[in-house]
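Okay, data-v3.cif is below, mmCIF, C-alpha atoms:
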```
data_run
#
loop_
_atom_site.group_PDB
_atom_site.id
_atom_site.type_symbol
_atom_site.label_atom_id
_atom_site.label_comp_id
_atom_site.auth_asym_id
_atom_site.auth_seq_id
_atom_site.Cartn_x
_atom_site.Cartn_y
_atom_site.Cartn_z
ATOM 1 C CA PRO Q 81 0.000 0.000 0.000
ATOM 2 C CA LEU Q 82 1.205 3.476 -0.816
ATOM 3 C CA LYS Q 83 1.855 6.032 1.857
ATOM 4 C CA ASP Q 84 -0.300 9.127 2.147
ATOM 5 C CA ALA Q 85 1.752 11.970 0.669
ATOM 6 C CA ALA Q 86 0.768 14.611 3.193
ATOM 7 C CA PRO Q 87 -1.280 13.864 6.278
ATOM 8 C CA ARG Q 88 -0.291 17.356 7.454
ATOM 9 C CA SER Q 89 -0.671 20.678 5.693
ATOM 10 C CA LEU Q 90 2.061 21.794 3.334
ATOM 11 C CA PRO Q 91 3.985 25.059 3.705
ATOM 12 C CA SER Q 92 3.029 27.967 1.472
ATOM 13 C CA ASP Q 93 5.611 29.308 -0.968
ATOM 14 C CA GLU Q 94 5.912 32.389 1.283
ATOM 15 C CA VAL Q 95 6.879 30.235 4.275
ATOM 16 C CA ILE Q 96 9.291 28.198 2.148
ATOM 17 C CA LEU Q 97 10.980 31.410 0.942
ATOM 18 C CA GLU Q 98 11.251 32.858 4.433
ATOM 19 C CA VAL Q 99 12.805 29.715 5.899
ATOM 20 C CA ILE Q 100 15.228 28.953 3.076
ATOM 21 C CA ASP Q 101 16.324 32.591 2.816
ATOM 22 C CA GLY Q 102 17.349 32.364 6.493
ATOM 23 C CA LEU Q 103 19.490 29.224 6.164
ATOM 24 C CA PRO Q 104 23.301 29.206 5.905
ATOM 25 C CA ALA Q 105 24.551 28.929 2.287
ATOM 26 C CA GLY Q 106 25.118 25.151 2.173
ATOM 27 C CA TRP Q 107 21.776 24.264 3.707
ATOM 28 C CA GLN Q 108 20.107 26.968 1.621
ATOM 29 C CA TRP Q 109 21.392 25.234 -1.521
ATOM 30 C CA VAL Q 110 20.204 21.783 -0.399
ATOM 31 C CA ALA Q 111 16.768 22.995 0.734
ATOM 32 C CA GLY Q 112 16.536 25.151 -2.393
ATOM 33 C CA ILE Q 113 17.091 22.091 -4.616
ATOM 34 C CA CYS Q 114 14.405 20.187 -2.703
ATOM 35 C CA ALA Q 115 11.938 23.092 -2.920
ATOM 36 C CA THR Q 116 12.647 24.149 -6.518
ATOM 37 C CA TYR Q 117 12.870 20.679 -8.068
ATOM 38 C CA GLY Q 118 11.084 18.364 -5.630
ATOM 39 C CA ALA Q 119 14.314 16.432 -5.065
ATOM 40 C CA ARG Q 120 14.618 14.025 -2.172
ATOM 41 C CA PRO Q 121 17.055 15.305 0.504
ATOM 42 C CA HIS Q 122 19.686 12.614 -0.152
ATOM 43 C CA GLU Q 123 19.504 13.347 -3.885
ATOM 44 C CA ALA Q 124 20.176 17.037 -3.280
ATOM 45 C CA LEU Q 125 23.144 16.233 -1.040
ATOM 46 C CA LEU Q 126 24.700 13.419 -3.054
ATOM 47 C CA MET Q 127 23.708 13.484 -6.702
ATOM 48 C CA ALA Q 128 22.042 16.687 -7.931
ATOM 49 C CA SER Q 129 23.372 19.495 -10.081
ATOM 50 C CA VAL Q 130 21.647 22.294 -11.963
ATOM 51 C CA GLU Q 131 22.445 22.538 -15.657
ATOM 52 C CA SER Q 132 22.856 25.821 -17.562
ATOM 53 C CA ASN Q 133 19.363 25.298 -19.080
ATOM 54 C CA GLY Q 134 17.805 25.343 -15.581
ATOM 55 C CA LEU Q 135 16.997 21.630 -15.365
ATOM 56 C CA VAL Q 136 18.310 19.637 -12.438
ATOM 57 C CA VAL Q 137 20.130 16.405 -13.166
ATOM 58 C CA VAL Q 138 19.882 13.717 -10.513
ATOM 59 C CA ARG Q 139 22.532 11.074 -11.072
ATOM 60 C CA GLY Q 140 21.214 7.905 -9.468
ATOM 61 C CA GLY Q 141 18.996 7.921 -6.413
ATOM 62 C CA LYS Q 142 16.029 5.883 -5.270
ATOM 63 C CA THR Q 143 14.448 5.677 -8.727
ATOM 64 C CA GLY Q 144 17.485 6.146 -10.987
ATOM 65 C CA ALA Q 145 18.836 9.047 -13.000
ATOM 66 C CA ARG Q 146 16.474 11.781 -14.185
ATOM 67 C CA GLN Q 147 16.083 15.422 -15.075
ATOM 68 C CA GLY Q 148 13.699 17.714 -13.222
ATOM 69 C CA LEU Q 149 11.855 20.960 -13.853
ATOM 70 C CA PRO Q 150 12.240 24.100 -11.706
ATOM 71 C CA LEU Q 151 9.030 25.357 -10.102
ATOM 72 C CA PRO Q 152 9.275 28.273 -9.938
ATOM 73 C CA LYS Q 153 12.265 29.003 -12.158
ATOM 74 C CA ALA Q 154 12.990 32.277 -10.306
ATOM 75 C CA TRP Q 155 14.189 30.277 -7.293
ATOM 76 C CA ILE Q 156 17.277 29.138 -9.267
ATOM 77 C CA GLU Q 157 18.692 32.675 -9.133
ATOM 78 C CA ARG Q 158 17.291 33.486 -5.702
ATOM 79 C CA TRP Q 159 19.393 30.736 -4.070
ATOM 80 C CA GLU Q 160 22.145 30.532 -6.728
ATOM 81 C CA LEU Q 161 21.290 26.896 -7.400
ATOM 82 C CA GLN Q 162 23.619 26.652 -10.413
ATOM 83 C CA ASN Q 163 26.531 27.148 -7.981
ATOM 84 C CA LYS Q 164 26.593 23.951 -5.934
ATOM 85 C CA ARG Q 165 27.300 24.614 -2.251
ATOM 86 C CA LEU Q 166 27.056 21.842 0.304
ATOM 87 C CA PRO Q 167 27.100 22.020 4.094
ATOM 88 C CA SER Q 168 30.087 20.570 5.931
ATOM 89 C CA ILE Q 169 28.708 17.155 6.818
ATOM 90 C CA ASN Q 170 29.929 13.597 6.348
ATOM 91 C CA LEU Q 171 28.546 12.432 2.989
ATOM 92 C CA GLU Q 172 30.232 9.012 3.276
ATOM 93 C CA ARG Q 173 27.198 7.384 4.874
ATOM 94 C CA ASP Q 174 24.072 5.637 3.627
ATOM 95 C CA HIS Q 175 21.451 7.659 1.747
ATOM 96 C CA ARG Q 176 18.943 7.641 4.591
ATOM 97 C CA THR Q 177 21.460 8.970 7.122
ATOM 98 C CA VAL Q 178 22.775 11.640 4.751
ATOM 99 C CA GLY Q 179 19.249 12.701 3.738
ATOM 100 C CA SER Q 180 18.117 12.949 7.356
ATOM 101 C CA GLN Q 181 20.664 15.713 7.940
ATOM 102 C CA LEU Q 182 18.431 18.216 6.132
ATOM 103 C CA GLY Q 183 15.716 17.456 8.686
ATOM 104 C CA VAL Q 184 18.205 18.048 11.504
ATOM 105 C CA ALA Q 185 19.175 21.392 9.953
ATOM 106 C CA LEU Q 186 15.567 22.495 9.363
ATOM 107 C CA HIS Q 187 14.740 21.614 12.971
ATOM 108 C CA ARG Q 188 17.801 23.551 14.200
ATOM 109 C CA TYR Q 189 16.667 26.637 12.283
ATOM 110 C CA GLU Q 190 13.080 26.183 13.527
ATOM 111 C CA ALA Q 191 11.461 25.523 10.156
ATOM 112 C CA PRO Q 192 7.731 24.782 10.550
ATOM 113 C CA PHE Q 193 7.950 21.937 8.009
ATOM 114 C CA LEU Q 194 9.814 18.720 7.260
ATOM 115 C CA PRO Q 195 12.176 18.115 4.305
ATOM 116 C CA TYR Q 196 9.694 15.977 2.342
ATOM 117 C CA ASP Q 197 7.106 18.764 2.638
ATOM 118 C CA LEU Q 198 9.270 20.654 0.119
ATOM 119 C CA ARG Q 199 8.940 17.730 -2.330
ATOM 120 C CA HIS Q 200 5.185 17.463 -1.793
ATOM 121 C CA ALA Q 201 4.770 21.241 -2.176
ATOM 122 C CA TRP Q 202 6.597 21.005 -5.528
ATOM 123 C CA ALA Q 203 4.207 18.251 -6.648
ATOM 124 C CA VAL Q 204 1.171 20.340 -5.721
ATOM 125 C CA ARG Q 205 2.659 23.374 -7.505
ATOM 126 C CA ALA Q 206 3.041 21.183 -10.610
ATOM 127 C CA ILE Q 207 -0.576 19.977 -10.362
ATOM 128 C CA HIS Q 208 -1.815 23.563 -10.383
ATOM 129 C CA ASN Q 209 0.410 24.510 -13.351
ATOM 130 C CA PRO Q 210 -1.542 23.823 -16.572
ATOM 131 C CA GLN Q 211 1.700 23.687 -18.595
ATOM 132 C CA ILE Q 212 2.902 20.603 -16.716
ATOM 133 C CA SER Q 213 1.185 17.304 -17.435
ATOM 134 C CA PRO Q 214 0.916 14.723 -14.651
ATOM 135 C CA SER Q 215 3.258 12.525 -16.713
ATOM 136 C CA LEU Q 216 5.939 15.229 -16.898
ATOM 137 C CA ALA Q 217 5.585 16.000 -13.173
ATOM 138 C CA ALA Q 218 5.918 12.289 -12.384
ATOM 139 C CA LYS Q 219 9.097 12.018 -14.476
ATOM 140 C CA SER Q 220 10.523 15.128 -12.817
ATOM 141 C CA LEU Q 221 10.019 13.546 -9.376
ATOM 142 C CA GLY Q 222 11.242 10.108 -10.437
ATOM 143 C CA HIS Q 223 7.791 8.520 -10.120
ATOM 144 C CA SER Q 224 5.819 6.319 -12.437
ATOM 145 C CA LEU Q 225 2.563 7.987 -13.463
ATOM 146 C CA MET Q 226 0.650 5.415 -11.366
ATOM 147 C CA VAL Q 227 2.653 6.140 -8.204
ATOM 148 C CA HIS Q 228 2.456 9.897 -8.796
ATOM 149 C CA THR Q 229 -1.300 9.867 -9.340
ATOM 150 C CA SER Q 230 -1.981 7.686 -6.314
ATOM 151 C CA LEU Q 231 0.239 9.814 -4.045
ATOM 152 C CA TYR Q 232 -1.249 13.134 -5.136
ATOM 153 C CA GLN Q 233 -4.825 12.138 -6.070
ATOM 154 C CA ARG Q 234 -6.472 14.476 -3.553
ATOM 155 C CA TRP Q 235 -4.759 17.500 -5.128
ATOM 156 C CA PHE Q 236 -5.530 16.359 -8.690
ATOM 157 C CA ASP Q 237 -9.196 16.082 -7.715
ATOM 158 C CA SER Q 238 -9.160 19.470 -5.987
ATOM 159 C CA ALA Q 239 -7.423 21.198 -8.928
ATOM 160 C CA SER Q 240 -9.810 19.591 -11.444
ATOM 161 C CA MET Q 241 -12.894 20.587 -9.466
ATOM 162 C CA ALA Q 242 -11.677 24.162 -8.998
ATOM 163 C CA SER Q 243 -10.939 24.406 -12.734
ATOM 164 C CA LEU Q 244 -14.410 23.111 -13.617
ATOM 165 C CA VAL Q 245 -16.139 25.520 -11.231
ATOM 166 C CA ALA Q 246 -14.175 28.432 -12.737
ATOM 167 C CA GLN Q 247 -15.407 27.474 -16.203
ATOM 168 C CA MET Q 248 -19.088 27.193 -15.220
#
```
Show me, as structure tokens, the structure contained in the file I just sent.
Amino acid sequence: PLKDAAPRSLPSDEVILEVIDGLPAGWQWVAGICATYGARPHEALLMASVESNGLVVVRGGKTGARQGLPLPKAWIERWELQNKRLPSINLERDHRTVGSQLGVALHRYEAPFLPYDLRHAWAVRAIHNPQISPSLAAKSLGHSLMVHTSLYQRWFDSASMASLVAQM
């Protein structure tokens, strides 16, 4: 059975900006990659880089290599995401341990959200962007379309209903 993507509420973009703007440079880069591209924390720390065209390249990871879309693109410049900066932590550990360090940092800086909330917020941003198909969003996150749809079904339904009401 698939996990529920967000039993808690997700942070608004305003809260995400406020928190990430206040982080030290290395953690700002890692959290910025998670927020802007929906990357998993261990991917941001171990295998992500931003290309000159604005796409992120994730080399490896839980679901293999992929490219990802920036949402919103303006965050690339805001946090200088094309200039990789990592915090001074031991990266020679397993993915889960390395990835958990972003949660430790967010807790230390009193963020009102968890690292995966940044990934889920990206997915919801993509759902509400008519230019991004569910298939493209799924690929960007490293999901199959089936996994993506089942994880984010409540937001697909909400976005579809709101769109229909607006057209009535």
Got a sec to resolve the PyMOL selection byres ((chain Q and resi 159-168) around 8) on this structure and send the residues as a count of residues only? 21
Resolved residues for the PyMOL selection byres ((chain Q and resi 117) around 9) as a PDB file with C-alpha atoms, in the coordinates of the input:
```pdb
ATOM      1  CA  GLY Q 112      16.536  25.151  -2.393  1.00  0.00           C
ATOM      2  CA  ILE Q 113      17.091  22.091  -4.616  1.00  0.00           C
ATOM      3  CA  CYS Q 114      14.405  20.187  -2.703  1.00  0.00           C
ATOM      4  CA  ALA Q 115      11.938  23.092  -2.920  1.00  0.00           C
ATOM      5  CA  THR Q 116      12.647  24.149  -6.518  1.00  0.00           C
ATOM      6  CA  GLY Q 118      11.084  18.364  -5.630  1.00  0.00           C
ATOM      7  CA  ALA Q 119      14.314  16.432  -5.065  1.00  0.00           C
ATOM      8  CA  LEU Q 135      16.997  21.630 -15.365  1.00  0.00           C
ATOM      9  CA  VAL Q 136      18.310  19.637 -12.438  1.00  0.00           C
ATOM     10  CA  GLY Q 148      13.699  17.714 -13.222  1.00  0.00           C
ATOM     11  CA  LEU Q 149      11.855  20.960 -13.853  1.00  0.00           C
ATOM     12  CA  PRO Q 150      12.240  24.100 -11.706  1.00  0.00           C
ATOM     13  CA  LEU Q 151       9.030  25.357 -10.102  1.00  0.00           C
ATOM     14  CA  PRO Q 152       9.275  28.273  -9.938  1.00  0.00           C
ATOM     15  CA  LEU Q 198       9.270  20.654   0.119  1.00  0.00           C
ATOM     16  CA  ARG Q 199       8.940  17.730  -2.330  1.00  0.00           C
ATOM     17  CA  TRP Q 202       6.597  21.005  -5.528  1.00  0.00           C
ATOM     18  CA  SER Q 220      10.523  15.128 -12.817  1.00  0.00           C
ATOM     19  CA  LEU Q 221      10.019  13.546  -9.376  1.00  0.00           C
TER      20      LEU Q 221
END
```
One decimal, Å: what's the distance from atom CA of His187 of chain Q over to atom CA of Ala111 of chain Q, could you say? 12.5 Å
With the file shown as input, list the residues that the PyMOL selection byres ((chain Q and resi 211-215) around 8) selects, as a list of chain:residue names.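 Applied to this file, the PyMOL selection byres ((chain Q and resi 211-215) around 8) returns Q:Ala206, Q:Ile207, Q:Asn209, Q:Pro210, Q:Leu216, Q:Ala217, Q:Ala218, Q:Lys219, Q:Ser224, Q:Leu225, Q:His228, Q:Thr229.
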Tell me which of Q:Gly183, Q:Gly140, Q:Pro195, Q:Pro91 sits closest to Ala128 of chain Q, counting only C-alpha atoms.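 Smallest distance to Ala128 of chain Q is found for Q:Gly140.
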With distances taken over only C-alpha atoms, which residue among Q:Pro192, Q:Ala203, Q:His223, Q:Ser230 lies nearest Gly141 of chain Q? Q:His223
Considering all atoms listed in the file, can you say which of Q:Ser180, Q:Asn133, Q:Thr143, Q:Gln233 comes closest to Leu194 of chain Q?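 Closest candidate: Q:Ser180.
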I want to know what sits within 9 Å of Arg139 of chain Q, based on all atoms listed in the file, with residues of the same chain fewer than 2 positions away left out; could you give that as JSON, numbers by chain? {"Q": [123, 126, 127, 128, 129, 137, 141, 144, 145, 146, 147]}
